[in-house]
$ cat data.cif   # mmCIF, N, CA and C atoms and all ligand atoms
data_coords
loop_
_atom_site.label_atom_id
_atom_site.label_comp_id
_atom_site.auth_asym_id
_atom_site.auth_seq_id
_atom_site.Cartn_x
_atom_site.Cartn_y
_atom_site.Cartn_z
N MET H 460 6.28 12.12 7.79
CA MET H 460 5.91 10.71 7.88
C MET H 460 7.15 9.84 7.64
N LYS H 461 7.33 8.87 8.51
CA LYS H 461 8.50 8.01 8.40
C LYS H 461 8.07 6.61 7.95
N LEU H 462 8.53 6.21 6.76
CA LEU H 462 8.19 4.90 6.21
C LEU H 462 9.46 4.15 5.88
N ILE H 463 9.37 2.83 5.86
CA ILE H 463 10.51 2.03 5.40
C ILE H 463 10.02 0.96 4.43
N ILE H 464 10.80 0.77 3.38
CA ILE H 464 10.59 -0.35 2.47
C ILE H 464 11.54 -1.45 2.92
N ILE H 465 10.97 -2.63 3.17
CA ILE H 465 11.79 -3.79 3.54
C ILE H 465 11.63 -4.84 2.45
N ASN H 466 12.72 -5.17 1.80
CA ASN H 466 12.71 -6.16 0.73
C ASN H 466 13.43 -7.43 1.17
N GLY H 467 12.85 -8.55 0.82
CA GLY H 467 13.40 -9.84 1.20
C GLY H 467 14.33 -10.43 0.13
N PRO H 468 14.50 -11.76 0.18
CA PRO H 468 15.54 -12.43 -0.58
C PRO H 468 15.43 -12.27 -2.10
N ASN H 469 16.60 -12.09 -2.69
CA ASN H 469 16.79 -12.00 -4.15
C ASN H 469 16.31 -10.69 -4.75
N LEU H 470 15.72 -9.82 -3.95
CA LEU H 470 15.27 -8.54 -4.51
C LEU H 470 16.44 -7.59 -4.70
N ASN H 471 17.62 -7.94 -4.14
CA ASN H 471 18.85 -7.20 -4.46
C ASN H 471 19.26 -7.44 -5.92
N LEU H 472 18.68 -8.46 -6.54
CA LEU H 472 19.05 -8.77 -7.94
C LEU H 472 18.04 -8.22 -8.95
N LEU H 473 17.13 -7.35 -8.49
CA LEU H 473 16.17 -6.76 -9.43
C LEU H 473 16.92 -6.07 -10.56
N GLY H 474 16.42 -6.24 -11.77
CA GLY H 474 17.10 -5.69 -12.95
C GLY H 474 17.86 -6.79 -13.67
N LYS H 475 18.40 -7.75 -12.89
CA LYS H 475 19.14 -8.87 -13.49
C LYS H 475 18.31 -10.14 -13.43
N ARG H 476 17.47 -10.22 -12.41
CA ARG H 476 16.77 -11.45 -12.09
C ARG H 476 15.46 -11.57 -12.88
N GLU H 477 15.32 -12.64 -13.66
CA GLU H 477 14.08 -12.91 -14.41
C GLU H 477 13.39 -11.61 -14.85
N PRO H 478 14.05 -10.84 -15.71
CA PRO H 478 13.49 -9.52 -16.07
C PRO H 478 12.11 -9.58 -16.73
N GLU H 479 11.79 -10.75 -17.32
CA GLU H 479 10.47 -10.88 -17.95
C GLU H 479 9.37 -10.87 -16.88
N ILE H 480 9.74 -11.19 -15.63
CA ILE H 480 8.75 -11.16 -14.53
C ILE H 480 8.90 -9.88 -13.71
N TYR H 481 10.15 -9.54 -13.39
CA TYR H 481 10.38 -8.46 -12.41
C TYR H 481 10.86 -7.15 -13.03
N GLY H 482 11.05 -7.13 -14.36
CA GLY H 482 11.46 -5.89 -15.02
C GLY H 482 12.97 -5.74 -15.08
N ALA H 483 13.40 -4.70 -15.79
CA ALA H 483 14.82 -4.53 -16.10
C ALA H 483 15.49 -3.49 -15.20
N ARG H 484 14.76 -2.98 -14.23
CA ARG H 484 15.30 -1.88 -13.43
C ARG H 484 15.75 -2.34 -12.05
N GLY H 485 16.90 -1.87 -11.63
CA GLY H 485 17.39 -2.17 -10.28
C GLY H 485 16.62 -1.37 -9.23
N PHE H 486 16.57 -1.88 -8.00
CA PHE H 486 15.74 -1.21 -7.00
C PHE H 486 16.34 0.11 -6.51
N GLU H 487 17.67 0.15 -6.39
CA GLU H 487 18.32 1.38 -5.87
C GLU H 487 17.97 2.58 -6.76
N ASP H 488 17.95 2.33 -8.06
CA ASP H 488 17.62 3.36 -9.03
C ASP H 488 16.17 3.81 -8.85
N TYR H 489 15.27 2.85 -8.71
CA TYR H 489 13.84 3.16 -8.51
C TYR H 489 13.63 3.90 -7.19
N LEU H 490 14.40 3.51 -6.17
CA LEU H 490 14.26 4.14 -4.84
C LEU H 490 14.54 5.65 -4.92
N LYS H 491 15.55 6.02 -5.70
CA LYS H 491 15.88 7.45 -5.86
C LYS H 491 14.68 8.20 -6.44
N GLU H 492 14.02 7.57 -7.42
CA GLU H 492 12.84 8.18 -8.03
C GLU H 492 11.72 8.35 -6.99
N LEU H 493 11.52 7.31 -6.16
CA LEU H 493 10.48 7.40 -5.12
C LEU H 493 10.79 8.51 -4.13
N GLN H 494 12.08 8.61 -3.74
CA GLN H 494 12.46 9.63 -2.76
C GLN H 494 12.24 11.03 -3.33
N ALA H 495 12.47 11.19 -4.65
CA ALA H 495 12.25 12.49 -5.28
C ALA H 495 10.76 12.77 -5.43
N GLU H 496 9.98 11.72 -5.67
CA GLU H 496 8.54 11.89 -5.89
C GLU H 496 7.79 12.22 -4.59
N PHE H 497 8.33 11.73 -3.47
CA PHE H 497 7.66 11.95 -2.18
C PHE H 497 8.61 12.63 -1.19
N PRO H 498 8.94 13.92 -1.45
CA PRO H 498 9.90 14.60 -0.58
C PRO H 498 9.37 14.78 0.84
N GLN H 499 8.04 14.69 0.99
CA GLN H 499 7.44 14.85 2.33
C GLN H 499 7.57 13.59 3.18
N VAL H 500 8.02 12.50 2.55
CA VAL H 500 8.16 11.22 3.28
C VAL H 500 9.63 10.97 3.58
N ASN H 501 9.90 10.64 4.83
CA ASN H 501 11.23 10.17 5.21
C ASN H 501 11.24 8.66 4.90
N LEU H 502 11.80 8.34 3.73
CA LEU H 502 11.68 6.97 3.21
C LEU H 502 13.00 6.22 3.33
N GLU H 503 12.99 5.21 4.17
CA GLU H 503 14.20 4.39 4.34
C GLU H 503 14.04 3.08 3.56
N TYR H 504 15.18 2.40 3.42
CA TYR H 504 15.19 1.15 2.65
C TYR H 504 16.09 0.13 3.33
N PHE H 505 15.62 -1.10 3.39
CA PHE H 505 16.43 -2.19 3.94
C PHE H 505 16.16 -3.44 3.10
N GLN H 506 17.23 -4.15 2.77
CA GLN H 506 17.07 -5.42 2.05
C GLN H 506 17.93 -6.48 2.72
N SER H 507 17.39 -7.68 2.83
CA SER H 507 18.20 -8.79 3.33
C SER H 507 17.73 -10.08 2.71
N ASN H 508 18.69 -10.98 2.55
CA ASN H 508 18.37 -12.33 2.07
C ASN H 508 18.16 -13.29 3.23
N ILE H 509 18.25 -12.75 4.46
CA ILE H 509 18.27 -13.61 5.65
C ILE H 509 16.99 -13.39 6.47
N GLU H 510 16.27 -14.46 6.71
CA GLU H 510 14.96 -14.38 7.37
C GLU H 510 15.05 -13.67 8.73
N GLY H 511 16.03 -14.06 9.56
CA GLY H 511 16.15 -13.48 10.90
C GLY H 511 16.46 -11.99 10.85
N GLU H 512 17.23 -11.57 9.85
CA GLU H 512 17.54 -10.13 9.73
C GLU H 512 16.29 -9.34 9.39
N LEU H 513 15.41 -9.94 8.61
CA LEU H 513 14.14 -9.27 8.27
C LEU H 513 13.27 -9.14 9.51
N ILE H 514 13.26 -10.18 10.34
CA ILE H 514 12.49 -10.14 11.60
C ILE H 514 13.10 -9.10 12.54
N ASP H 515 14.43 -9.08 12.65
CA ASP H 515 15.09 -8.07 13.51
C ASP H 515 14.72 -6.66 13.07
N LYS H 516 14.71 -6.41 11.76
CA LYS H 516 14.41 -5.06 11.25
C LYS H 516 12.95 -4.71 11.54
N LEU H 517 12.04 -5.66 11.34
CA LEU H 517 10.62 -5.39 11.65
C LEU H 517 10.45 -5.02 13.12
N GLN H 518 11.17 -5.73 14.01
CA GLN H 518 11.07 -5.42 15.45
C GLN H 518 11.70 -4.06 15.76
N GLU H 519 12.79 -3.75 15.06
CA GLU H 519 13.51 -2.49 15.33
C GLU H 519 12.67 -1.26 14.96
N VAL H 520 11.99 -1.32 13.83
CA VAL H 520 11.24 -0.14 13.35
C VAL H 520 9.76 -0.20 13.72
N GLY H 521 9.30 -1.36 14.12
CA GLY H 521 7.87 -1.62 14.21
C GLY H 521 7.12 -0.94 15.33
N PHE H 522 7.87 -0.24 16.23
CA PHE H 522 7.18 0.44 17.33
C PHE H 522 7.35 1.95 17.24
N SER H 523 7.97 2.43 16.17
CA SER H 523 8.20 3.88 16.08
C SER H 523 7.89 4.46 14.69
N TYR H 524 7.96 3.66 13.64
CA TYR H 524 7.72 4.21 12.30
C TYR H 524 6.22 4.30 12.02
N ASP H 525 5.87 5.16 11.06
CA ASP H 525 4.45 5.32 10.71
C ASP H 525 3.93 4.19 9.84
N GLY H 526 4.84 3.52 9.14
CA GLY H 526 4.39 2.43 8.30
C GLY H 526 5.55 1.67 7.69
N ILE H 527 5.24 0.44 7.30
CA ILE H 527 6.24 -0.45 6.70
C ILE H 527 5.66 -1.01 5.41
N ILE H 528 6.47 -0.95 4.36
CA ILE H 528 6.11 -1.54 3.07
C ILE H 528 6.99 -2.78 2.93
N LEU H 529 6.37 -3.93 2.97
CA LEU H 529 7.13 -5.18 3.06
C LEU H 529 6.90 -6.07 1.85
N ASN H 530 8.00 -6.33 1.14
CA ASN H 530 8.00 -7.39 0.14
C ASN H 530 8.91 -8.49 0.67
N ALA H 531 8.31 -9.47 1.32
CA ALA H 531 9.10 -10.55 1.93
C ALA H 531 9.54 -11.57 0.89
N ALA H 532 9.21 -11.31 -0.38
CA ALA H 532 9.65 -12.16 -1.50
C ALA H 532 9.31 -13.63 -1.20
N ALA H 533 10.24 -14.54 -1.41
CA ALA H 533 9.91 -15.97 -1.26
C ALA H 533 9.48 -16.32 0.17
N TYR H 534 9.98 -15.56 1.17
CA TYR H 534 9.58 -15.85 2.56
C TYR H 534 8.10 -15.59 2.80
N THR H 535 7.48 -14.81 1.92
CA THR H 535 6.03 -14.58 2.01
C THR H 535 5.29 -15.91 2.12
N HIS H 536 5.78 -16.88 1.34
CA HIS H 536 5.05 -18.13 1.19
C HIS H 536 5.49 -19.21 2.17
N THR H 537 6.48 -18.88 3.01
CA THR H 537 7.04 -19.93 3.89
C THR H 537 7.21 -19.50 5.35
N SER H 538 7.26 -18.20 5.63
CA SER H 538 7.79 -17.78 6.94
C SER H 538 6.72 -17.47 7.98
N VAL H 539 6.51 -18.42 8.88
CA VAL H 539 5.64 -18.18 10.04
C VAL H 539 6.27 -17.09 10.90
N GLY H 540 7.61 -17.08 10.98
CA GLY H 540 8.31 -16.10 11.83
C GLY H 540 8.10 -14.67 11.37
N ILE H 541 8.19 -14.42 10.07
CA ILE H 541 7.97 -13.05 9.57
C ILE H 541 6.48 -12.69 9.73
N GLY H 542 5.61 -13.64 9.46
CA GLY H 542 4.17 -13.39 9.65
C GLY H 542 3.86 -13.05 11.10
N ASP H 543 4.47 -13.75 12.04
CA ASP H 543 4.26 -13.46 13.47
C ASP H 543 4.81 -12.09 13.83
N ALA H 544 5.97 -11.72 13.26
CA ALA H 544 6.57 -10.41 13.56
C ALA H 544 5.64 -9.29 13.09
N VAL H 545 5.05 -9.47 11.92
CA VAL H 545 4.11 -8.46 11.37
C VAL H 545 2.94 -8.27 12.33
N LYS H 546 2.48 -9.38 12.92
CA LYS H 546 1.35 -9.29 13.88
C LYS H 546 1.79 -8.70 15.21
N ALA H 547 3.07 -8.87 15.56
CA ALA H 547 3.55 -8.47 16.89
C ALA H 547 3.80 -6.97 17.01
N ILE H 548 4.08 -6.31 15.89
CA ILE H 548 4.48 -4.90 15.94
C ILE H 548 3.26 -3.98 15.85
N ASP H 549 3.49 -2.70 16.18
CA ASP H 549 2.40 -1.71 16.15
C ASP H 549 2.23 -1.07 14.78
N ALA H 550 3.35 -0.85 14.07
CA ALA H 550 3.30 -0.10 12.80
C ALA H 550 2.50 -0.88 11.76
N PRO H 551 1.63 -0.18 11.02
CA PRO H 551 0.89 -0.86 9.96
C PRO H 551 1.82 -1.32 8.84
N VAL H 552 1.56 -2.52 8.34
CA VAL H 552 2.39 -3.10 7.27
C VAL H 552 1.53 -3.24 6.01
N VAL H 553 2.03 -2.70 4.90
CA VAL H 553 1.42 -2.96 3.60
C VAL H 553 2.30 -3.97 2.88
N GLU H 554 1.70 -5.09 2.55
CA GLU H 554 2.41 -6.17 1.83
C GLU H 554 2.42 -5.83 0.34
N VAL H 555 3.58 -5.94 -0.26
CA VAL H 555 3.74 -5.58 -1.66
C VAL H 555 4.39 -6.73 -2.44
N HIS H 556 3.94 -6.92 -3.66
CA HIS H 556 4.64 -7.81 -4.59
C HIS H 556 4.69 -7.15 -5.97
N ILE H 557 5.79 -7.36 -6.63
CA ILE H 557 5.98 -6.80 -7.97
C ILE H 557 5.09 -7.54 -8.97
N SER H 558 5.11 -8.86 -8.89
CA SER H 558 4.33 -9.68 -9.81
C SER H 558 2.96 -9.98 -9.20
N ASN H 559 2.03 -10.40 -10.04
CA ASN H 559 0.74 -10.87 -9.55
C ASN H 559 0.91 -12.33 -9.16
N THR H 560 1.15 -12.56 -7.88
CA THR H 560 1.48 -13.91 -7.40
C THR H 560 0.33 -14.89 -7.64
N HIS H 561 -0.88 -14.37 -7.76
CA HIS H 561 -2.04 -15.25 -7.96
C HIS H 561 -2.14 -15.78 -9.40
N LYS H 562 -1.37 -15.17 -10.29
CA LYS H 562 -1.32 -15.66 -11.68
C LYS H 562 -0.22 -16.69 -11.86
N ARG H 563 0.56 -16.92 -10.79
CA ARG H 563 1.76 -17.76 -10.91
C ARG H 563 1.55 -19.11 -10.22
N GLU H 564 2.64 -19.80 -9.89
CA GLU H 564 2.53 -21.15 -9.32
C GLU H 564 1.66 -21.13 -8.04
N GLU H 565 1.06 -22.27 -7.77
CA GLU H 565 0.12 -22.34 -6.65
C GLU H 565 0.79 -22.03 -5.31
N PHE H 566 2.09 -22.41 -5.16
CA PHE H 566 2.73 -22.15 -3.86
C PHE H 566 2.86 -20.65 -3.59
N ARG H 567 2.75 -19.84 -4.63
CA ARG H 567 2.82 -18.38 -4.43
C ARG H 567 1.46 -17.78 -4.07
N HIS H 568 0.41 -18.60 -4.05
CA HIS H 568 -0.93 -18.08 -3.74
C HIS H 568 -1.12 -17.94 -2.23
N VAL H 569 -0.23 -18.58 -1.47
CA VAL H 569 -0.32 -18.53 0.00
C VAL H 569 0.59 -17.43 0.51
N SER H 570 0.08 -16.63 1.48
CA SER H 570 0.92 -15.62 2.12
C SER H 570 0.79 -15.70 3.63
N PHE H 571 1.94 -15.81 4.31
CA PHE H 571 1.96 -15.77 5.77
C PHE H 571 1.96 -14.33 6.27
N ILE H 572 2.09 -13.37 5.35
CA ILE H 572 2.14 -11.95 5.73
C ILE H 572 0.74 -11.35 5.76
N SER H 573 -0.09 -11.73 4.78
CA SER H 573 -1.41 -11.08 4.60
C SER H 573 -2.28 -11.05 5.85
N PRO H 574 -2.33 -12.12 6.68
CA PRO H 574 -3.24 -12.07 7.84
C PRO H 574 -2.92 -10.94 8.82
N GLY H 575 -1.67 -10.46 8.82
CA GLY H 575 -1.30 -9.38 9.73
C GLY H 575 -1.17 -8.04 9.04
N ALA H 576 -1.35 -8.03 7.72
CA ALA H 576 -1.11 -6.80 6.97
C ALA H 576 -2.34 -5.90 6.97
N LYS H 577 -2.08 -4.59 6.83
CA LYS H 577 -3.18 -3.64 6.69
C LYS H 577 -3.83 -3.81 5.32
N GLY H 578 -3.00 -4.06 4.32
CA GLY H 578 -3.49 -4.27 2.97
C GLY H 578 -2.42 -4.90 2.11
N VAL H 579 -2.80 -5.27 0.91
CA VAL H 579 -1.88 -5.95 0.00
C VAL H 579 -1.96 -5.28 -1.37
N ILE H 580 -0.80 -5.00 -1.96
CA ILE H 580 -0.76 -4.44 -3.32
C ILE H 580 0.17 -5.33 -4.13
N LEU H 581 -0.34 -5.87 -5.22
CA LEU H 581 0.51 -6.76 -6.01
C LEU H 581 0.17 -6.69 -7.48
N GLY H 582 1.21 -6.95 -8.27
CA GLY H 582 0.99 -7.12 -9.71
C GLY H 582 1.21 -5.88 -10.55
N PHE H 583 1.62 -4.77 -9.94
CA PHE H 583 1.79 -3.53 -10.69
C PHE H 583 3.26 -3.23 -11.00
N GLY H 584 4.09 -4.27 -10.99
CA GLY H 584 5.52 -4.04 -11.20
C GLY H 584 6.07 -3.21 -10.05
N LEU H 585 7.13 -2.44 -10.32
CA LEU H 585 7.71 -1.60 -9.26
C LEU H 585 6.70 -0.56 -8.77
N ARG H 586 5.73 -0.24 -9.61
CA ARG H 586 4.70 0.74 -9.18
C ARG H 586 3.94 0.28 -7.94
N SER H 587 3.96 -1.00 -7.65
CA SER H 587 3.31 -1.49 -6.43
C SER H 587 3.84 -0.75 -5.20
N TYR H 588 5.15 -0.42 -5.20
CA TYR H 588 5.74 0.29 -4.04
C TYR H 588 5.21 1.72 -3.96
N GLU H 589 5.09 2.36 -5.13
CA GLU H 589 4.57 3.73 -5.16
C GLU H 589 3.13 3.76 -4.64
N LEU H 590 2.34 2.78 -5.07
CA LEU H 590 0.94 2.72 -4.63
C LEU H 590 0.87 2.48 -3.12
N ALA H 591 1.81 1.71 -2.61
CA ALA H 591 1.84 1.46 -1.15
C ALA H 591 2.15 2.76 -0.40
N ILE H 592 3.09 3.54 -0.90
CA ILE H 592 3.39 4.84 -0.25
C ILE H 592 2.15 5.71 -0.28
N ARG H 593 1.49 5.76 -1.44
CA ARG H 593 0.26 6.57 -1.56
C ARG H 593 -0.80 6.11 -0.57
N SER H 594 -0.86 4.83 -0.30
CA SER H 594 -1.87 4.32 0.64
C SER H 594 -1.65 4.90 2.04
N PHE H 595 -0.38 5.15 2.40
CA PHE H 595 -0.08 5.74 3.71
C PHE H 595 -0.38 7.24 3.74
N LEU H 596 -0.26 7.88 2.56
CA LEU H 596 -0.51 9.33 2.51
C LEU H 596 -2.01 9.62 2.48
C1 LIG R 601 7.68 -11.49 -5.20
C2 LIG R 601 6.85 -12.74 -5.50
C3 LIG R 601 7.40 -13.95 -4.76
O1 LIG R 601 6.63 -15.09 -5.05
C4 LIG R 601 8.83 -14.22 -5.19
O2 LIG R 601 9.37 -15.29 -4.45
C5 LIG R 601 9.71 -13.02 -5.11
C6 LIG R 601 9.16 -11.71 -5.49
C7 LIG R 601 7.22 -10.28 -6.04
O3 LIG R 601 7.56 -9.16 -5.65
O4 LIG R 601 6.55 -10.45 -7.07
O5 LIG R 601 10.90 -13.12 -4.84
O6 LIG R 601 7.51 -11.15 -3.84
#

$ encode --input "data.cif" --output "structure tokens" --more "lines below"
Ligand code: DQA
Amino acid sequence: MKLIIINGPNLNLLGKREPEIYGARGFEDYLKELQAEFPQVNLEYFQSNIEGELIDKLQEVGFSYDGIILNAAAYTHTSVGIGDAVKAIDAPVVEVHISNTHKREEFRHVSFISPGAKGVILGFGLRSYELAIRSFL
């Protein structure tokens, strides 16, 4: 099974960024743990702070991969373009968030990704990504 985790803006700063919300662990470190935990999954990773690069990546993998785990981060709440890309591709997308966005500011309660997503997992810290992988298995 071929899956990719796509992380949006500022998620390259996990571990340093608002650790009281997002935790103290960097993503690269967590990714190694995921790859060891799911040896049967060909698990790729892509991160960008740039909206168009996220759309390009969704288009690139969206017609051949078995699934996409997408944390569009702040673009979740603003990007019609990423939401449209999720609807345009064939691969199922599971939307993931580290924090429970519904417990936070009202602008985070809106998602342009959810209408095109297969499902949404949020609020379990980095474990949200593990649960998303399990959903594909
Ligand atoms: C986030 C939640 C978003 O509201 C925020 O802009 C992020 C991270 C999360 O994983 O909890 O950057 O997607």

$ closest_residue --input "data.cif" --among "H:Lys516, H:Lys461, H:His536, H:Lys475" --to "Asn501 (chain H)" --atoms "all atoms listed in the file"
H:Lys461

$ select_by_dssp --input "data.cif" --residues "chain H" --states "strand (DSSP E)" --output "VMD selection string"
chain H and resid 461 to 466 501 to 506 526 to 530 552 to 556 578 to 581

$ residues_around --input "data.cif" --residues "Phe566 (chain H)" --least-positions-apart "5" --cutoff "10 Å" --atoms "only C-alpha atoms" --output "PyMOL selection string"
chain H and resi 533+536-537+560-561

$ write_last_selection --input "data.cif" --atoms "N, CA and C atoms" --output "PDB file, in the coordinates of the input"
ATOM      1  N   ALA H 533      10.240 -14.540  -1.410  1.00  0.00           N
ATOM      2  CA  ALA H 533       9.910 -15.970  -1.260  1.00  0.00           C
ATOM      3  C   ALA H 533       9.480 -16.320   0.170  1.00  0.00           C
ATOM      4  N   HIS H 536       5.780 -16.880   1.340  1.00  0.00           N
ATOM      5  CA  HIS H 536       5.050 -18.130   1.190  1.00  0.00           C
ATOM      6  C   HIS H 536       5.490 -19.210   2.170  1.00  0.00           C
ATOM      7  N   THR H 537       6.480 -18.880   3.010  1.00  0.00           N
ATOM      8  CA  THR H 537       7.040 -19.930   3.890  1.00  0.00           C
ATOM      9  C   THR H 537       7.210 -19.500   5.350  1.00  0.00           C
ATOM     10  N   THR H 560       1.150 -12.560  -7.880  1.00  0.00           N
ATOM     11  CA  THR H 560       1.480 -13.910  -7.400  1.00  0.00           C
ATOM     12  C   THR H 560       0.330 -14.890  -7.640  1.00  0.00           C
ATOM     13  N   HIS H 561      -0.880 -14.370  -7.760  1.00  0.00           N
ATOM     14  CA  HIS H 561      -2.040 -15.250  -7.960  1.00  0.00           C
ATOM     15  C   HIS H 561      -2.140 -15.780  -9.400  1.00  0.00           C
TER      16      HIS H 561
END

$ residues_around --input "data.cif" --residues "Phe486 (chain H)" --least-positions-apart "2" --cutoff "7 Å" --atoms "all atoms listed in the file" --output "PyMOL selection string"
chain H and resi 470-474+484+488-491

$ write_last_selection --input "data.cif" --atoms "N, CA and C atoms" --output "compact mmCIF listing (two decimals), keeping the file's coordinate frame"
# COMPACT_ATOMS: atom_id res chain seq x y z
N LEU H 470 15.72 -9.82 -3.95
CA LEU H 470 15.27 -8.54 -4.51
C LEU H 470 16.44 -7.59 -4.70
N ASN H 471 17.62 -7.94 -4.14
CA ASN H 471 18.85 -7.20 -4.46
C ASN H 471 19.26 -7.44 -5.92
N LEU H 472 18.68 -8.46 -6.54
CA LEU H 472 19.05 -8.77 -7.94
C LEU H 472 18.04 -8.22 -8.95
N LEU H 473 17.13 -7.35 -8.49
CA LEU H 473 16.17 -6.76 -9.43
C LEU H 473 16.92 -6.07 -10.56
N GLY H 474 16.42 -6.24 -11.77
CA GLY H 474 17.10 -5.69 -12.95
C GLY H 474 17.86 -6.79 -13.67
N ARG H 484 14.76 -2.98 -14.23
CA ARG H 484 15.30 -1.88 -13.43
C ARG H 484 15.75 -2.34 -12.05
N ASP H 488 17.95 2.33 -8.06
CA ASP H 488 17.62 3.36 -9.03
C ASP H 488 16.17 3.81 -8.85
N TYR H 489 15.27 2.85 -8.71
CA TYR H 489 13.84 3.16 -8.51
C TYR H 489 13.63 3.90 -7.19
N LEU H 490 14.40 3.51 -6.17
CA LEU H 490 14.26 4.14 -4.84
C LEU H 490 14.54 5.65 -4.92
N LYS H 491 15.55 6.02 -5.70
CA LYS H 491 15.88 7.45 -5.86
C LYS H 491 14.68 8.20 -6.44

$ residues_near_ligand --input "data.cif" --ligand "ligand LIG 601 (chain R)" --cutoff "12 Å" --atoms "only C-alpha atoms and all ligand atoms" --output "ChimeraX atom specification"
/H:465-473,476-482,486,507-508,528-538,554-572,579-588
